[in-house]
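Everything on this sheet refers to the single structure shown next.
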Amino acid sequence: MAASDARATNAHWGRGDLERAIDAALVGAGKNLDALTIHDLAPVDQFHGGGKASTDRLARLAGLEPGMRVLDVGGGLGGPARTLAVEHGCAVTVVDLTESYVRSGRSLTARLGLAGRVRHRIGDALALDLEGETFDVVWTQNSGMNIAAKERLYAGFAQLLRRGGLLAIQEPMAGPTQPPMFPLMWARDAATSFLRPPAEMRALIEAAGFRARAWEDVTAELAGPSTGAAVPAHAIARIVMGDAIDDIARAGQRNREEGRIVMIQAVFERQ
């Protein structure tokens, strides 16, 4: 089976001057570039529904503990990974297919003095090559929407977890009203968006060798563009998407209000 389309992924998500744009946004927000914290970075490095608050929520749901080895698949700029390292004492490996995110994420991690606890790698969620490593937790927030081969994706996660290890996910899924309105953050049209209903997603994850510990619909809780709130200039969604974020936010608000897309947080245990 084919791996992910790296060229298309980088074309959609990537930005050549990303680190400079992030620095400009931080300065514009009044942050001191020489004394950054994970809280300072949150508006620019937590690129998923709900931002840092949703990362904190999922970490509580999973019951993360110090010393856990975490693999963050599709971890982007590393905001969640740095949060798990600083606030929960985890050692985190971030894998992402977008090269500019990996470069910028590695730099931000070094600037916060976290290179010993967070590492960044370019990699494909459907072809993870981690040299025989196993992890206590596989973590993924809003990273599977462009992946059609979801059975293969979760089977791969199971192979990377020790027995009894945890899979912690936050994922947009197909709501009871279909189809979704476009453009979406991850797709301009239906050709690159692969959402499935919650019941189907839960069944396929369990079939990959997992048992559900928690399954929660958090659609109404999570802040972000889909609420209809304005997206500020210093937010990562506007930095990456530019003015296109306004159409994305309008569509997102309809998708949320009309039940076309729901957001699920869940924790599974590998059997």
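We name chains A, B, ... following the order of the structure tokens; residues begin at 1 in each chain, and ligands are numbered from 1 as shown.
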**Report entry** Those in region 25-261 of chain A with strand (DSSP E or B) from DSSP, as a ChimeraX atom specification
**Finding:** /A:69-73,91-96,118-122,135-141,161-174,210-217,261
Show me, as CSV, the residues of region 177-222 of chain A having an atom within 8 Å of region 147-167 of chain A, each with the closest atom pair and its distance in Å, using only C-alpha atoms.
residue,atom,partner,partner_atom,distance
A:Ser193,CA,A:Ile147,CA,7.6
A:Phe194,CA,A:Ala148,CA,5.4
A:Leu204,CA,A:Glu151,CA,6.2
A:Ile205,CA,A:Tyr154,CA,6.1
A:Ala208,CA,A:Ala155,CA,5.0
A:Gly209,CA,A:Ala158,CA,6.6
A:Phe210,CA,A:Ala158,CA,7.6
Export, as a CSV table (one decimal), in the first residue's frame, the selected residues with C-alpha atoms.
chain,number,residue,atom,x,y,z
A,193,SER,CA,-10.8,14.7,3.4
A,194,PHE,CA,-11.5,11.3,4.9
A,204,LEU,CA,-11.9,0.1,13.7
A,205,ILE,CA,-9.6,1.2,16.5
A,208,ALA,CA,-6.7,-2.9,15.6
A,209,GLY,CA,-6.1,-4.3,19.1
A,210,PHE,CA,-7.3,-1.7,21.5
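Nearest to Gly252 (chain A) of all the residues A:Val86, A:Gly49, A:Pro197, A:His234 is A:Gly49, based on only C-alpha atoms.
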Report task. Considering only C-alpha atoms, return as a PyMOL selection string whatever protein or nucleic-acid residues lie within 9 Å of Gln178 (chain A), sequence-local ones (same chain, fewer than 4 positions apart) excluded. Result -> chain A and resi 174+259-261
Limited to all heavy atoms, could you put the picked residues into a file as an mmCIF file, in the first residue's frame?
data_model
loop_
_atom_site.group_PDB
_atom_site.id
_atom_site.type_symbol
_atom_site.label_atom_id
_atom_site.label_comp_id
_atom_site.auth_asym_id
_atom_site.auth_seq_id
_atom_site.Cartn_x
_atom_site.Cartn_y
_atom_site.Cartn_z
ATOM 1 N N ALA A 174 -17.011 12.408 11.174
ATOM 2 C CA ALA A 174 -18.215 12.762 10.420
ATOM 3 C C ALA A 174 -19.419 12.805 11.349
ATOM 4 O O ALA A 174 -19.706 11.844 12.055
ATOM 5 C CB ALA A 174 -18.443 11.745 9.308
ATOM 6 N N GLY A 259 -24.012 19.973 12.802
ATOM 7 C CA GLY A 259 -23.695 18.577 13.116
ATOM 8 C C GLY A 259 -23.034 17.836 11.984
ATOM 9 O O GLY A 259 -23.158 16.603 11.877
ATOM 10 N N ARG A 260 -22.299 18.553 11.148
ATOM 11 C CA ARG A 260 -21.619 17.894 10.022
ATOM 12 C C ARG A 260 -20.266 17.310 10.437
ATOM 13 O O ARG A 260 -19.808 16.322 9.851
ATOM 14 C CB ARG A 260 -21.438 18.889 8.870
ATOM 15 C CG ARG A 260 -22.762 19.376 8.298
ATOM 16 C CD ARG A 260 -22.577 20.454 7.236
ATOM 17 N NE ARG A 260 -23.865 20.969 6.808
ATOM 18 C CZ ARG A 260 -24.594 20.453 5.821
ATOM 19 N NH1 ARG A 260 -24.128 19.394 5.155
ATOM 20 N NH2 ARG A 260 -25.767 20.958 5.500
ATOM 21 N N ILE A 261 -19.622 17.941 11.420
ATOM 22 C CA ILE A 261 -18.344 17.451 11.950
ATOM 23 C C ILE A 261 -18.416 17.498 13.468
ATOM 24 O O ILE A 261 -18.877 18.481 14.049
ATOM 25 C CB ILE A 261 -17.157 18.297 11.447
ATOM 26 C CG1 ILE A 261 -16.998 18.141 9.925
ATOM 27 C CG2 ILE A 261 -15.860 17.874 12.152
ATOM 28 C CD1 ILE A 261 -15.887 18.990 9.338
#
Report task. Considering only C-alpha atoms, return as a count of residues only whatever protein or nucleic-acid residues lie within 12 Å of region 185-192 of chain A, sequence-local ones (same chain, fewer than 6 positions apart) excluded. Result -> 42
Requested in this report: Return as JSON, numbers by chain the full set of residues in region 48-129 of chain A whose backbone-based DSSP assignment is alpha helix (DSSP H).
Outcome: {"A": [51, 52, 53, 54, 55, 56, 57, 58, 59, 60, 61, 62, 79, 80, 81, 82, 83, 84, 85, 86, 87, 88, 99, 100, 101, 102, 103, 104, 105, 106, 107, 108, 109, 110, 111]}
Distance query Leu130 (chain A) at most 10 Å, only C-alpha atoms, self and fewer than 2 positions along chain excluded, as a compact mmCIF listing (two decimals) with N, CA, C and O atoms, in the first residue's frame:
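Saved the output as selection.txt:
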# COMPACT_ATOMS: atom_id res chain seq x y z
N LEU A 71 4.94 8.98 21.77
CA LEU A 71 5.12 9.24 20.34
C LEU A 71 3.96 10.11 19.89
O LEU A 71 2.80 9.68 19.94
N THR A 93 8.69 11.97 21.36
CA THR A 93 9.17 11.98 19.98
C THR A 93 8.04 12.47 19.09
O THR A 93 6.95 11.90 19.11
N VAL A 95 6.67 13.12 15.32
CA VAL A 95 6.83 12.75 13.91
C VAL A 95 5.80 13.52 13.09
O VAL A 95 4.61 13.51 13.42
N ARG A 121 11.15 14.51 14.24
CA ARG A 121 11.56 13.75 13.08
C ARG A 121 10.56 13.94 11.96
O ARG A 121 9.35 14.01 12.20
N GLY A 123 8.49 12.27 9.23
CA GLY A 123 8.04 10.90 9.07
C GLY A 123 6.59 10.81 8.64
O GLY A 123 5.82 11.76 8.80
N ALA A 127 3.91 4.97 7.58
CA ALA A 127 5.15 4.22 7.38
C ALA A 127 6.17 4.66 8.43
O ALA A 127 7.25 5.14 8.11
N LEU A 128 5.81 4.50 9.69
CA LEU A 128 6.67 4.96 10.78
C LEU A 128 7.86 4.03 10.94
O LEU A 128 7.71 2.83 11.13
N GLY A 132 12.75 0.00 15.83
CA GLY A 132 12.42 -0.96 16.86
C GLY A 132 11.99 -0.38 18.19
O GLY A 132 11.82 -1.12 19.16
N GLU A 133 11.80 0.93 18.27
CA GLU A 133 11.37 1.53 19.53
C GLU A 133 9.93 1.15 19.86
O GLU A 133 9.10 0.94 18.97
N THR A 134 9.62 1.11 21.14
CA THR A 134 8.25 1.00 21.60
C THR A 134 7.97 2.13 22.58
O THR A 134 8.89 2.67 23.20
N LEU A 160 3.56 -0.06 17.68
CA LEU A 160 4.56 0.78 18.33
C LEU A 160 4.36 0.90 19.84
O LEU A 160 5.21 1.44 20.54
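Atom pair CA of Asp136 (chain A) / CA of Leu64 (chain A): separated by 9.6 Å.
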Requested in this report: Identify, on the basis of only C-alpha atoms, every residue whose closest approach to Gly28 (chain A) does not exceed 12 Å; exclude the query and any residue fewer than 2 positions from it along the same chain; express the result as JSON, numbers by chain.
Outcome: {"A": [21, 22, 23, 24, 25, 26, 30, 31, 32, 33, 40, 44, 232, 233, 234, 235]}
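Of the residues under consideration (A:Leu97, A:Val70, A:Ile264, A:Ala115), A:Leu97 shows the shortest atom-to-atom contact distance to Arg7 (chain A) when counting only C-alpha atoms.
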Query raised in the report: For the atom pair CA of Glu216 (chain A) and CA of Gln265 (chain A), what is the interatomic distance in Å to one decimal place?
Result: 5.4 Å
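Note that CA of Leu77 (chain A) and CA of Ser107 (chain A) are 9.5 Å apart.
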Report task. Identify which of the residues A:Ala207, A:Ala6, A:Ala53, A:Ala223 lies closest to Ala125 (chain A), counting only C-alpha atoms when measuring atom-to-atom distances. Result -> A:Ala6
